[in-house]
file work24.cif (mmCIF, C-alpha atoms)
data_coords
loop_
_atom_site.label_atom_id
_atom_site.label_comp_id
_atom_site.auth_asym_id
_atom_site.auth_seq_id
_atom_site.Cartn_x
_atom_site.Cartn_y
_atom_site.Cartn_z
CA MET A 202 124.20 -57.21 -12.19
CA ARG A 203 126.57 -54.85 -13.98
CA GLY A 204 124.34 -51.89 -13.06
CA MET A 205 124.33 -53.00 -9.43
CA ALA A 206 128.14 -53.04 -9.36
CA MET A 207 128.26 -49.58 -10.93
CA ARG A 208 125.79 -48.27 -8.34
CA ARG A 209 127.93 -49.77 -5.59
CA TYR A 210 131.09 -48.03 -6.88
CA LEU A 211 129.30 -44.68 -7.23
CA SER A 212 127.83 -44.96 -3.76
CA LEU A 213 131.23 -45.90 -2.31
CA ALA A 214 132.84 -42.90 -4.02
CA GLY A 215 130.06 -40.66 -2.69
CA PHE A 216 130.45 -41.93 0.86
CA LEU A 217 134.24 -41.58 0.76
CA PHE A 218 134.02 -38.05 -0.61
CA ALA A 219 131.44 -37.02 2.02
CA PHE A 220 133.67 -38.55 4.71
CA TRP A 221 136.66 -36.62 3.37
CA LEU A 222 134.68 -33.36 3.33
CA ALA A 223 133.49 -33.93 6.89
CA LEU A 224 136.97 -34.59 8.22
CA SER A 225 138.71 -31.88 6.21
CA GLY A 226 136.86 -28.71 7.19
CA HIS A 227 138.66 -26.71 4.46
CA TYR A 228 136.60 -25.95 1.37
CA THR A 229 138.90 -24.25 -1.16
CA PRO A 230 138.45 -25.51 -4.75
CA VAL A 231 141.93 -27.08 -4.86
CA LEU A 232 141.40 -29.09 -1.69
CA VAL A 233 137.87 -30.21 -2.62
CA ALA A 234 139.16 -31.35 -6.03
CA ALA A 235 142.00 -33.21 -4.32
CA GLY A 236 139.43 -34.89 -2.05
CA ALA A 237 137.27 -35.93 -4.99
CA ALA A 238 140.30 -37.32 -6.79
CA SER A 239 141.43 -39.31 -3.74
CA ALA A 240 137.89 -40.71 -3.31
CA VAL A 241 137.96 -41.95 -6.91
CA ILE A 242 141.45 -43.42 -6.49
CA CYS A 243 140.33 -45.20 -3.31
CA VAL A 244 137.37 -46.72 -5.15
CA LEU A 245 139.65 -47.91 -7.97
CA ALA A 246 142.00 -49.44 -5.40
CA ALA A 247 139.04 -51.09 -3.63
CA ILE A 248 137.83 -52.57 -6.92
CA ARG A 249 141.30 -53.91 -7.64
CA MET A 250 141.53 -55.37 -4.11
CA ARG A 251 138.08 -56.93 -4.66
CA VAL A 252 136.67 -55.39 -1.48
CA ALA A 253 134.05 -53.21 -3.22
CA ASP A 254 131.57 -56.10 -3.13
CA PRO A 255 128.30 -56.80 -1.26
CA GLU A 256 130.40 -57.64 1.80
CA GLY A 257 132.63 -54.57 1.79
CA HIS A 258 130.02 -51.96 0.91
CA PRO A 259 126.54 -53.50 1.37
CA ILE A 260 124.29 -50.82 -0.13
CA GLU A 261 121.48 -53.44 -0.22
CA LEU A 262 121.26 -53.17 3.57
CA PHE A 263 120.90 -49.39 3.66
CA TRP A 264 117.14 -49.22 4.23
CA GLY A 265 117.19 -52.11 6.66
CA THR A 266 119.77 -50.22 8.72
CA ILE A 267 117.40 -47.32 9.33
CA THR A 268 114.99 -49.50 11.29
CA TYR A 269 117.49 -52.05 12.60
CA PHE A 270 119.91 -49.70 14.38
CA PRO A 271 117.31 -47.91 16.56
CA TRP A 272 115.97 -51.33 17.57
CA LEU A 273 119.50 -52.57 18.35
CA ILE A 274 120.32 -49.45 20.38
CA ARG A 275 117.19 -49.97 22.46
CA GLU A 276 118.15 -53.60 23.09
CA ILE A 277 121.69 -52.52 24.05
CA ALA A 278 120.37 -49.91 26.48
CA LYS A 279 117.99 -52.44 28.06
CA SER A 280 120.61 -55.13 28.58
CA ALA A 281 123.30 -52.64 29.67
CA TRP A 282 120.90 -51.53 32.39
CA GLY A 283 120.40 -55.19 33.30
CA VAL A 284 124.16 -55.75 33.64
CA THR A 285 124.46 -52.50 35.63
CA LYS A 286 121.91 -53.77 38.16
CA ILE A 287 123.80 -57.07 38.47
CA VAL A 288 127.16 -55.31 38.98
CA LEU A 289 125.75 -53.03 41.69
CA HIS A 290 123.75 -55.82 43.39
CA PRO A 291 125.38 -56.70 46.74
CA SER A 292 125.28 -60.48 46.10
CA LEU A 293 126.42 -60.28 42.42
CA PRO A 294 123.67 -62.61 41.09
CA ILE A 295 125.42 -64.03 38.01
CA SER A 296 124.91 -67.46 36.44
CA PRO A 297 127.40 -67.66 33.53
CA THR A 298 126.12 -69.92 30.77
CA LEU A 299 127.59 -71.19 27.52
CA THR A 300 125.14 -72.06 24.78
CA VAL A 301 124.93 -72.59 21.03
CA VAL A 302 122.49 -70.67 18.85
CA ARG A 303 121.87 -71.13 15.16
CA ALA A 304 122.02 -68.15 12.82
CA SER A 305 119.25 -68.31 10.22
CA GLN A 306 120.71 -65.58 7.98
CA LYS A 307 121.52 -66.47 4.37
CA THR A 308 124.63 -64.33 3.79
CA THR A 309 127.92 -64.03 5.67
CA VAL A 310 127.17 -60.33 6.22
CA GLY A 311 123.92 -61.37 7.93
CA VAL A 312 125.62 -63.92 10.20
CA ALA A 313 128.36 -61.40 11.05
CA THR A 314 125.70 -58.79 11.88
CA TYR A 315 123.93 -61.25 14.17
CA ALA A 316 127.16 -62.34 15.90
CA ASN A 317 128.28 -58.74 16.38
CA SER A 318 124.85 -57.68 17.63
CA ILE A 319 125.04 -60.44 20.26
CA THR A 320 128.49 -59.25 21.34
CA LEU A 321 127.50 -55.58 21.29
CA THR A 322 124.59 -56.30 23.64
CA PRO A 323 126.04 -56.29 27.18
CA GLY A 324 125.61 -59.62 28.94
CA THR A 325 126.19 -61.83 25.92
CA ILE A 326 129.35 -62.45 23.86
CA THR A 327 129.80 -64.59 20.78
CA VAL A 328 132.93 -66.57 21.65
CA GLY A 329 133.02 -68.85 18.61
CA VAL A 330 131.56 -69.24 15.14
CA SER A 331 131.54 -72.47 13.16
CA GLY A 332 129.42 -72.27 10.05
CA LYS A 333 126.09 -70.99 11.29
CA ASN A 334 126.45 -72.19 14.87
CA LEU A 335 127.38 -69.39 17.23
CA THR A 336 128.79 -70.28 20.64
CA VAL A 337 127.60 -67.65 23.08
CA HIS A 338 128.73 -66.86 26.62
CA ALA A 339 125.98 -65.21 28.66
CA LEU A 340 126.40 -63.49 32.02
CA VAL A 341 123.07 -64.81 33.31
CA ARG A 342 121.08 -67.90 32.35
CA ASP A 343 118.11 -65.78 31.25
CA GLY A 344 120.30 -64.03 28.68
CA ALA A 345 121.18 -67.39 27.10
CA LEU A 346 117.54 -68.55 27.11
CA ASP A 347 116.48 -65.25 25.59
CA LEU A 348 118.89 -65.72 22.66
CA GLU A 349 117.84 -69.36 22.22
CA SER A 350 114.26 -68.24 21.75
CA GLY A 351 115.52 -66.49 18.59
CA GLY A 352 113.96 -63.03 18.77
CA MET A 353 117.14 -61.24 17.77
CA ASP A 354 117.90 -63.88 15.12
CA ARG A 355 114.55 -63.20 13.43
CA ARG A 356 115.07 -59.45 13.65
CA VAL A 357 118.49 -59.71 11.94
CA SER A 358 117.08 -61.99 9.23
CA GLN A 359 114.35 -59.45 8.63
CA PHE A 360 117.01 -56.71 8.39
CA GLU A 361 118.96 -58.83 5.91
CA GLY A 362 115.90 -59.57 3.81
CA SER A 363 114.51 -56.02 3.59
CA VAL A 364 116.17 -55.10 0.29
CA MET B 203 117.64 -22.24 25.82
CA MET B 204 121.40 -22.13 26.42
CA LEU B 205 120.79 -23.19 29.99
CA ALA B 206 118.60 -26.12 28.93
CA VAL B 207 121.27 -27.41 26.53
CA GLU B 208 123.93 -26.97 29.21
CA VAL B 209 121.88 -28.87 31.78
CA ALA B 210 121.00 -31.66 29.34
CA SER B 211 124.63 -31.97 28.30
CA TRP B 212 125.83 -32.26 31.90
CA VAL B 213 123.12 -34.78 32.75
CA LEU B 214 124.29 -36.91 29.81
CA ILE B 215 127.97 -36.56 30.75
CA LEU B 216 127.24 -37.52 34.37
CA LEU B 217 125.16 -40.52 33.22
CA GLY B 218 128.05 -41.57 30.98
CA SER B 219 130.48 -41.22 33.87
CA PHE B 220 128.17 -43.29 36.07
CA PHE B 221 128.05 -46.17 33.57
CA THR B 222 131.83 -45.96 33.03
CA ILE B 223 132.34 -46.35 36.78
CA VAL B 224 129.81 -49.22 36.87
CA GLY B 225 131.88 -50.97 34.17
CA ALA B 226 135.04 -50.47 36.21
CA VAL B 227 133.39 -51.73 39.41
CA GLY B 228 132.10 -54.78 37.50
CA LEU B 229 135.60 -55.39 36.15
CA VAL B 230 136.83 -55.73 39.74
CA ARG B 231 133.87 -57.69 41.14
CA MET B 232 133.42 -60.34 38.44
CA PRO B 233 135.06 -63.74 39.05
CA ASP B 234 136.72 -64.58 35.70
CA ILE B 235 137.78 -63.04 32.39
CA PHE B 236 134.59 -63.87 30.49
CA THR B 237 132.27 -62.28 33.01
CA ARG B 238 134.66 -59.31 33.23
CA ILE B 239 134.26 -58.70 29.49
CA HIS B 240 130.49 -58.47 30.11
CA ALA B 241 131.03 -55.80 32.76
CA ALA B 242 133.41 -53.86 30.50
CA SER B 243 130.82 -53.81 27.72
CA VAL B 244 128.63 -51.52 29.85
CA THR B 245 131.41 -48.93 29.61
CA ASP B 246 131.76 -49.61 25.88
CA THR B 247 128.08 -48.98 25.12
CA LEU B 248 126.13 -46.81 27.57
CA GLY B 249 129.19 -45.14 29.12
CA VAL B 250 130.76 -44.05 25.85
CA GLY B 251 127.34 -43.38 24.27
CA PHE B 252 126.13 -40.96 26.94
CA LEU B 253 129.52 -39.24 27.25
CA ILE B 254 129.74 -38.59 23.51
CA LEU B 255 126.12 -37.39 23.29
CA GLY B 256 126.81 -35.01 26.17
CA MET B 257 129.94 -33.74 24.41
CA CYS B 258 127.93 -33.28 21.19
CA LEU B 259 125.60 -30.91 23.06
CA GLN B 260 128.65 -29.03 24.39
CA ALA B 261 130.15 -28.74 20.90
CA GLY B 262 126.97 -27.50 19.24
CA PHE B 263 125.89 -28.11 15.67
CA GLY B 264 129.02 -28.46 13.53
CA LEU B 265 131.97 -30.47 12.34
CA VAL B 266 133.13 -31.34 15.86
CA THR B 267 129.77 -32.99 16.59
CA LEU B 268 130.00 -34.93 13.34
CA LYS B 269 133.46 -36.16 14.29
CA LEU B 270 132.19 -37.18 17.73
CA LEU B 271 129.46 -39.20 16.04
CA PHE B 272 132.10 -40.88 13.84
CA LEU B 273 133.93 -41.74 17.05
CA LEU B 274 130.75 -43.29 18.45
CA ALA B 275 130.29 -45.34 15.26
CA LEU B 276 133.93 -46.46 15.48
CA PHE B 277 133.31 -47.68 19.05
CA PHE B 278 130.18 -49.50 17.96
CA PHE B 279 131.93 -51.37 15.17
CA THR B 280 135.28 -52.11 16.84
CA GLY B 281 133.94 -52.90 20.34
CA PRO B 282 132.35 -56.24 19.50
CA VAL B 283 135.34 -57.29 17.37
CA VAL B 284 137.71 -56.68 20.28
CA ALA B 285 135.43 -58.40 22.81
CA HIS B 286 135.01 -61.40 20.52
CA ALA B 287 138.74 -61.66 19.76
CA LEU B 288 139.59 -61.48 23.48
CA ALA B 289 137.03 -64.13 24.44
CA GLN B 290 138.04 -66.46 21.64
CA ALA B 291 141.75 -66.06 22.42
CA CYS B 292 140.99 -67.07 26.02
CA LEU B 293 139.10 -70.17 24.87
CA HIS B 294 141.99 -71.08 22.55
CA GLU B 295 144.36 -70.80 25.50
CA LYS B 296 142.10 -73.32 27.26
CA ILE B 297 141.03 -70.88 29.95
CA LYS B 298 137.93 -72.49 31.46
CA PRO B 299 135.06 -70.08 32.02
CA VAL B 300 133.36 -70.19 35.42
CA LEU B 301 130.00 -71.65 34.46
CA ALA B 302 126.71 -72.10 36.25
CA GLU B 303 125.40 -74.11 33.32
CA ASP B 304 126.78 -75.42 30.01
CA ARG B 305 123.94 -75.64 27.53
CA ARG B 306 126.09 -76.30 24.45
CA GLY B 307 125.53 -80.07 24.28
CA HIS B 308 121.96 -80.85 25.22
CA ASP B 309 120.59 -77.82 23.51
CA ARG B 310 121.60 -78.64 19.96
CA PRO B 311 118.85 -81.20 19.14
CA ARG B 312 116.08 -78.91 20.31
CA GLN B 313 117.48 -76.01 18.33
CA SER B 314 117.70 -78.00 15.09
CA ASN B 315 114.14 -79.28 15.52
CA GLU B 316 112.94 -75.74 15.89
CA ASP B 317 114.84 -74.79 12.77
CA ASP B 318 113.27 -77.60 10.75
CA GLY B 319 109.86 -76.37 11.76
CA ARG B 320 110.63 -72.90 10.41
CA GLN B 321 112.13 -73.91 7.07
CA PRO B 322 108.99 -74.56 4.92
#
call {"tool": "encode", "arguments": {"input": "work24.cif", "output": "structure tokens"}}
result
Amino acid sequence: MRGMAMRRYLSLAGFLFAFWLALSGHYTPVLVAAGAASAVICVLAAIRMRVADPEGHPIELFWGTITYFPWLIREIAKSAWGVTKIVLHPSLPISPTLTVVRASQKTTVGVATYANSITLTPGTITVGVSGKNLTVHALVRDGALDLESGGMDRRVSQFEGSV
Amino acid sequence: MMLAVEVASWVLILLGSFFTIVGAVGLVRMPDIFTRIHAASVTDTLGVGFLILGMCLQAGFGLVTLKLLFLLALFFFTGPVVAHALAQACLHEKIKPVLAEDRRGHDRPRQSNEDDGRQP
């Protein structure tokens, strides 16, 4: 467990330093050293604020992200196109529906990922969370039924579990 | 080669503009605030996505492109938070959504049964 925490801090420092380098654009030794120092100070501050934990910097999810995000982007593109067709349709064929779906993820990061994925997908918004029950507003009835069938829920659980 | 990149970049920028306009049109056409958030999310995702990809091609391979991609990531992570906060604030203020169907009540038993079946 101790080794895991150490790996998390090192990875956080690495990410922060890379981010600093990318935004800086100046690579003189003094500035790079200043960037490295500020990355380390930020990590120390994060540890003291207790945000350098599995929730704040979930390195366990790194590999899952590589397959999950392309899948999510495809889903977003598909449903955005669906909403586009509805908006441009002369009769505006909407059937707004409220529904409740259960999140089967084990961790809070998993549930948050699921809820945010629902919101990010055009046509469905998570309007409320109580425990693992997500209240979802869908633009069309089919969108609500689609979520109830749990395809996305299983995909997020798989993403969460692929350590 | 230069021409191909230029053409691809403009196609992407025009696609992004199209979806941004679709989001704006939806914002006007939809009947209530909840459905309007749905329309706006088209702008948030495909509109912004295509525009930034098009701009990346304009900028070429470098720091500017990296910063544009950071911008895209920022949109992807803040967009849902804003949409969720807005929708929940409206519910708290007791704004009733225009609904064709409310499946919150009679759906719960079926959902939990399904869940029980998956557990073992």
call {"tool": "interface_residues", "arguments": {"input": "work24.cif", "of": "chain A", "to": "chain B", "cutoff": "10 Å", "atoms": "only C-alpha atoms", "output": "ChimeraX atom specification"}}
result
/A:220,222-226,274,277-289,293,295-305,316-330,334,336-342,345-346,349-351
call {"tool": "atom_distance", "arguments": {"input": "work24.cif", "atom1": "CA of Phe360 (chain A)", "atom2": "CA of Pro259 (chain A)"}}
result
12.3 Å
call {"tool": "residues_around", "arguments": {"input": "work24.cif", "residues": "Ile215 (chain B)", "least_positions_apart": "4", "cutoff": "7 Å", "atoms": "all atoms listed in the file", "output": "PyMOL selection string"}}
result
chain B and resi 211+219+252-253+256
call {"tool": "residues_around", "arguments": {"input": "work24.cif", "residues": "Arg208 (chain A)", "least_positions_apart": "2", "cutoff": "12 Å", "atoms": "only C-alpha atoms", "output": "ChimeraX atom specification"}}
result
/A:202-206,210-215,253-255,258-261
call {"tool": "decode", "arguments": {"input": "work24.cif", "residues": "region 240-290 of chain B", "atoms": "N, CA and C atoms", "output": "compact mmCIF listing (two decimals), in the first residue's frame"}}
result
# COMPACT_ATOMS: atom_id res chain seq x y z
N HIS B 240 -30.13 19.91 -23.28
CA HIS B 240 -29.79 18.84 -24.24
C HIS B 240 -29.30 19.43 -25.55
N ALA B 241 -30.02 20.44 -26.04
CA ALA B 241 -29.65 21.05 -27.32
C ALA B 241 -28.27 21.70 -27.19
N ALA B 242 -28.04 22.39 -26.06
CA ALA B 242 -26.75 23.08 -25.89
C ALA B 242 -25.60 22.09 -25.85
N SER B 243 -25.87 20.85 -25.40
CA SER B 243 -24.76 19.90 -25.28
C SER B 243 -24.24 19.46 -26.64
N VAL B 244 -25.00 19.67 -27.70
CA VAL B 244 -24.47 19.40 -29.05
C VAL B 244 -23.33 20.37 -29.35
N THR B 245 -23.55 21.66 -28.99
CA THR B 245 -22.48 22.65 -29.15
C THR B 245 -21.26 22.28 -28.31
N ASP B 246 -21.53 21.86 -27.07
CA ASP B 246 -20.46 21.53 -26.13
C ASP B 246 -19.57 20.39 -26.60
N THR B 247 -20.15 19.43 -27.35
CA THR B 247 -19.38 18.23 -27.69
C THR B 247 -18.90 18.28 -29.14
N LEU B 248 -19.83 18.06 -30.09
CA LEU B 248 -19.40 18.00 -31.50
C LEU B 248 -18.96 19.36 -32.01
N GLY B 249 -19.67 20.44 -31.62
CA GLY B 249 -19.30 21.77 -32.10
C GLY B 249 -17.89 22.13 -31.69
N VAL B 250 -17.65 22.12 -30.38
CA VAL B 250 -16.32 22.46 -29.86
C VAL B 250 -15.27 21.47 -30.36
N GLY B 251 -15.62 20.18 -30.38
CA GLY B 251 -14.67 19.15 -30.79
C GLY B 251 -14.17 19.38 -32.20
N PHE B 252 -15.09 19.54 -33.16
CA PHE B 252 -14.67 19.73 -34.55
C PHE B 252 -13.91 21.05 -34.74
N LEU B 253 -14.39 22.12 -34.07
CA LEU B 253 -13.72 23.41 -34.21
C LEU B 253 -12.27 23.30 -33.74
N ILE B 254 -12.07 22.68 -32.57
CA ILE B 254 -10.70 22.61 -32.03
C ILE B 254 -9.83 21.71 -32.89
N LEU B 255 -10.39 20.58 -33.39
CA LEU B 255 -9.58 19.73 -34.27
C LEU B 255 -9.17 20.49 -35.52
N GLY B 256 -10.12 21.26 -36.08
CA GLY B 256 -9.80 22.06 -37.26
C GLY B 256 -8.70 23.06 -36.97
N MET B 257 -8.78 23.71 -35.79
CA MET B 257 -7.76 24.69 -35.41
C MET B 257 -6.42 24.01 -35.18
N CYS B 258 -6.44 22.76 -34.67
CA CYS B 258 -5.18 22.02 -34.48
C CYS B 258 -4.48 21.85 -35.83
N LEU B 259 -5.25 21.51 -36.87
CA LEU B 259 -4.65 21.34 -38.20
C LEU B 259 -4.09 22.67 -38.70
N GLN B 260 -4.77 23.78 -38.38
CA GLN B 260 -4.26 25.09 -38.78
C GLN B 260 -2.94 25.40 -38.07
N ALA B 261 -2.88 25.02 -36.78
CA ALA B 261 -1.71 25.39 -35.96
C ALA B 261 -0.50 24.53 -36.28
N GLY B 262 -0.72 23.33 -36.81
CA GLY B 262 0.40 22.45 -37.07
C GLY B 262 0.86 21.73 -35.81
N PHE B 263 1.95 20.97 -35.96
CA PHE B 263 2.41 20.13 -34.85
C PHE B 263 3.26 20.97 -33.90
N GLY B 264 2.73 21.29 -32.71
CA GLY B 264 3.52 22.11 -31.78
C GLY B 264 2.79 22.40 -30.50
N LEU B 265 3.34 23.36 -29.76
CA LEU B 265 2.77 23.67 -28.45
C LEU B 265 1.35 24.20 -28.54
N VAL B 266 1.06 24.98 -29.59
CA VAL B 266 -0.29 25.54 -29.72
C VAL B 266 -1.31 24.42 -29.82
N THR B 267 -1.00 23.39 -30.64
CA THR B 267 -1.90 22.26 -30.78
C THR B 267 -2.10 21.56 -29.44
N LEU B 268 -1.02 21.40 -28.68
CA LEU B 268 -1.13 20.77 -27.37
C LEU B 268 -2.05 21.56 -26.47
N LYS B 269 -1.91 22.89 -26.51
CA LYS B 269 -2.76 23.74 -25.67
C LYS B 269 -4.21 23.66 -26.11
N LEU B 270 -4.44 23.55 -27.43
CA LEU B 270 -5.81 23.39 -27.92
C LEU B 270 -6.40 22.09 -27.40
N LEU B 271 -5.56 21.03 -27.36
CA LEU B 271 -6.07 19.75 -26.87
C LEU B 271 -6.38 19.83 -25.37
N PHE B 272 -5.57 20.60 -24.62
CA PHE B 272 -5.88 20.83 -23.20
C PHE B 272 -7.24 21.51 -23.07
N LEU B 273 -7.48 22.47 -23.97
CA LEU B 273 -8.74 23.20 -23.97
C LEU B 273 -9.90 22.23 -24.18
N LEU B 274 -9.71 21.31 -25.14
CA LEU B 274 -10.75 20.32 -25.43
C LEU B 274 -11.01 19.45 -24.20
N ALA B 275 -9.93 19.04 -23.54
CA ALA B 275 -10.08 18.21 -22.33
C ALA B 275 -10.81 18.99 -21.25
N LEU B 276 -10.48 20.29 -21.12
CA LEU B 276 -11.14 21.13 -20.13
C LEU B 276 -12.65 21.16 -20.40
N PHE B 277 -13.03 21.33 -21.68
CA PHE B 277 -14.45 21.33 -22.05
C PHE B 277 -15.10 20.00 -21.68
N PHE B 278 -14.38 18.91 -21.95
CA PHE B 278 -14.96 17.60 -21.70
C PHE B 278 -15.17 17.34 -20.21
N PHE B 279 -14.32 17.92 -19.36
CA PHE B 279 -14.48 17.63 -17.94
C PHE B 279 -15.37 18.65 -17.24
N THR B 280 -15.41 19.90 -17.73
CA THR B 280 -16.25 20.89 -17.05
C THR B 280 -17.67 20.91 -17.61
N GLY B 281 -17.84 20.56 -18.89
CA GLY B 281 -19.17 20.59 -19.51
C GLY B 281 -20.22 19.83 -18.72
N PRO B 282 -19.99 18.54 -18.44
CA PRO B 282 -21.01 17.79 -17.71
C PRO B 282 -21.26 18.34 -16.30
N VAL B 283 -20.22 18.86 -15.65
CA VAL B 283 -20.41 19.41 -14.30
C VAL B 283 -21.37 20.59 -14.36
N VAL B 284 -21.15 21.48 -15.35
CA VAL B 284 -22.00 22.66 -15.48
C VAL B 284 -23.43 22.24 -15.81
N ALA B 285 -23.59 21.32 -16.78
CA ALA B 285 -24.93 20.88 -17.19
C ALA B 285 -25.66 20.26 -16.01
N HIS B 286 -24.94 19.43 -15.24
CA HIS B 286 -25.56 18.77 -14.09
C HIS B 286 -25.95 19.79 -13.03
N ALA B 287 -25.05 20.74 -12.74
CA ALA B 287 -25.33 21.75 -11.72
C ALA B 287 -26.55 22.59 -12.11
N LEU B 288 -26.61 22.96 -13.39
CA LEU B 288 -27.74 23.76 -13.88
C LEU B 288 -29.05 22.99 -13.72
N ALA B 289 -29.05 21.73 -14.18
CA ALA B 289 -30.28 20.93 -14.13
C ALA B 289 -30.72 20.71 -12.68
N GLN B 290 -29.73 20.43 -11.82
CA GLN B 290 -30.11 20.15 -10.43
C GLN B 290 -30.61 21.41 -9.73
